[in-house]
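Structure first, commentary second.
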Amino acid sequence: MAKKGELSKTARASLAQRDDVNFATNRICEKCGEPIMLKELLPVKVMGQGMTYYHKNHFTIG
C-alpha cells in the first residue's frame, strides 16, 4: 500500500501511460483542414452548430 503523500502503483502507471499517448484522432481542424493529434486537440462548443475542433494554436477568440 502507498504511504501518505505517495501515489499508488496503479496511479503511477496511468500517469506514465497518459504522457506517452499521442495519436492521430479522426477530428479535422476547422481552420486548416488537417487531422489533429490528441495532444493538440481543442474541442469548442458552438451554439446552434455543435462541437467544432481546432489545433490548440489555431483557435482564437473573436
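Each chain in the C-alpha cells gets a letter, A, B, ..., in the order shown, and its residues are numbered from 1; ligands are numbered from 1 in order too.
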
Long-range neighbours of segment 47-51 of chain A as a PDB file with C-alpha atoms, in the first residue's frame, 12 Å cut-off, only C-alpha atoms, 2 positions minimum in chain:
ATOM      1  CA  ARG A  27     -11.087  15.015 -35.960  1.00  0.00           C
ATOM      2  CA  ILE A  28     -10.273  17.610 -38.620  1.00  0.00           C
ATOM      3  CA  CYS A  29      -9.223  21.174 -37.759  1.00  0.00           C
ATOM      4  CA  GLU A  30     -11.828  23.732 -38.873  1.00  0.00           C
ATOM      5  CA  LEU A  42      -9.103  21.622 -28.739  1.00  0.00           C
ATOM      6  CA  PRO A  43     -12.875  20.952 -28.828  1.00  0.00           C
ATOM      7  CA  VAL A  44     -15.049  24.081 -28.920  1.00  0.00           C
ATOM      8  CA  LYS A  45     -18.828  24.109 -28.461  1.00  0.00           C
ATOM      9  CA  TYR A  53     -12.380  21.028 -33.363  1.00  0.00           C
ATOM     10  CA  TYR A  54      -9.168  23.011 -33.726  1.00  0.00           C
TER      11      TYR A  54
END

Taking 5 positions as the minimum chain separation for residues in the same chain, which residues sit within 12 Å of Asn57 of chain A when counting only C-alpha atoms? Answer as a PDB file with C-alpha atoms, in the first residue's frame.
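Output file result.pdb follows:
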ATOM      1  CA  CYS A  29      -9.223  21.174 -37.759  1.00  0.00           C
ATOM      2  CA  LYS A  31      -9.152  26.300 -39.715  1.00  0.00           C
ATOM      3  CA  CYS A  32      -6.519  24.319 -41.637  1.00  0.00           C
ATOM      4  CA  ILE A  36      -5.447  16.656 -35.268  1.00  0.00           C
ATOM      5  CA  LYS A  39      -2.283  16.383 -27.602  1.00  0.00           C
ATOM      6  CA  GLU A  40      -3.148  19.238 -29.999  1.00  0.00           C
ATOM      7  CA  LEU A  41      -6.944  18.712 -29.927  1.00  0.00           C
ATOM      8  CA  LEU A  42      -9.103  21.622 -28.739  1.00  0.00           C
TER       9      LEU A  42
END

Just give me the gap between atom CA of Thr60 of chain A and atom CA of Val21 of chain A in Å, one decimal is fine.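 Separation between atom CA of Thr60 of chain A and atom CA of Val21 of chain A: 25.9 Å.
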
Quick one, how far is atom CA of Leu38 of chain A from atom CA of Phe59 of chain A?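 Calculated distance between atom CA of Leu38 of chain A and atom CA of Phe59 of chain A is 15.3 Å.
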
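Rounded to one decimal, atom CA of His55 of chain A and atom CA of Glu34 of chain A lie 9.0 Å from each other.
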
Alpha helix (DSSP H) call set, DSSP backbone run, chain A, as JSON, numbers by chain: {"A": [9, 10, 11, 12, 13, 14, 15, 16, 17, 18, 19, 20]}

Dump of N, CA and C atoms for the selected residues, as a PDB file, in the first residue's frame:
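Below is the file selection_22.pdb, written as the result:
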ATOM      1  N   LYS A   9       0.575   2.256  -7.069  1.00  0.00           N
ATOM      2  CA  LYS A   9       1.210   1.688  -8.253  1.00  0.00           C
ATOM      3  C   LYS A   9       0.334   1.897  -9.492  1.00  0.00           C
ATOM      4  N   THR A  10      -0.965   1.742  -9.345  1.00  0.00           N
ATOM      5  CA  THR A  10      -1.888   1.931 -10.458  1.00  0.00           C
ATOM      6  C   THR A  10      -1.905   3.384 -10.926  1.00  0.00           C
ATOM      7  N   ALA A  11      -1.899   4.318  -9.983  1.00  0.00           N
ATOM      8  CA  ALA A  11      -1.902   5.741 -10.332  1.00  0.00           C
ATOM      9  C   ALA A  11      -0.618   6.126 -11.052  1.00  0.00           C
ATOM     10  N   ARG A  12       0.521   5.625 -10.597  1.00  0.00           N
ATOM     11  CA  ARG A  12       1.795   5.909 -11.274  1.00  0.00           C
ATOM     12  C   ARG A  12       1.789   5.362 -12.696  1.00  0.00           C
ATOM     13  N   ALA A  13       1.254   4.168 -12.874  1.00  0.00           N
ATOM     14  CA  ALA A  13       1.208   3.559 -14.202  1.00  0.00           C
ATOM     15  C   ALA A  13       0.294   4.338 -15.134  1.00  0.00           C
ATOM     16  N   SER A  14      -0.849   4.805 -14.639  1.00  0.00           N
ATOM     17  CA  SER A  14      -1.771   5.540 -15.506  1.00  0.00           C
ATOM     18  C   SER A  14      -1.194   6.900 -15.881  1.00  0.00           C
ATOM     19  N   LEU A  15      -0.471   7.553 -14.981  1.00  0.00           N
ATOM     20  CA  LEU A  15       0.181   8.819 -15.315  1.00  0.00           C
ATOM     21  C   LEU A  15       1.254   8.623 -16.387  1.00  0.00           C
ATOM     22  N   ALA A  16       2.017   7.575 -16.276  1.00  0.00           N
ATOM     23  CA  ALA A  16       3.057   7.290 -17.263  1.00  0.00           C
ATOM     24  C   ALA A  16       2.441   6.972 -18.618  1.00  0.00           C
ATOM     25  N   GLN A  17       1.352   6.235 -18.625  1.00  0.00           N
ATOM     26  CA  GLN A  17       0.697   5.880 -19.882  1.00  0.00           C
ATOM     27  C   GLN A  17       0.070   7.111 -20.524  1.00  0.00           C
ATOM     28  N   ARG A  18      -0.514   7.990 -19.732  1.00  0.00           N
ATOM     29  CA  ARG A  18      -1.151   9.188 -20.273  1.00  0.00           C
ATOM     30  C   ARG A  18      -0.130  10.092 -20.963  1.00  0.00           C
ATOM     31  N   ASP A  19       1.065  10.193 -20.418  1.00  0.00           N
ATOM     32  CA  ASP A  19       2.095  11.037 -21.009  1.00  0.00           C
ATOM     33  C   ASP A  19       2.577  10.502 -22.346  1.00  0.00           C
ATOM     34  N   ASP A  20       2.571   9.184 -22.523  1.00  0.00           N
ATOM     35  CA  ASP A  20       3.089   8.568 -23.745  1.00  0.00           C
ATOM     36  C   ASP A  20       2.080   8.545 -24.877  1.00  0.00           C
TER      37      ASP A  20
END
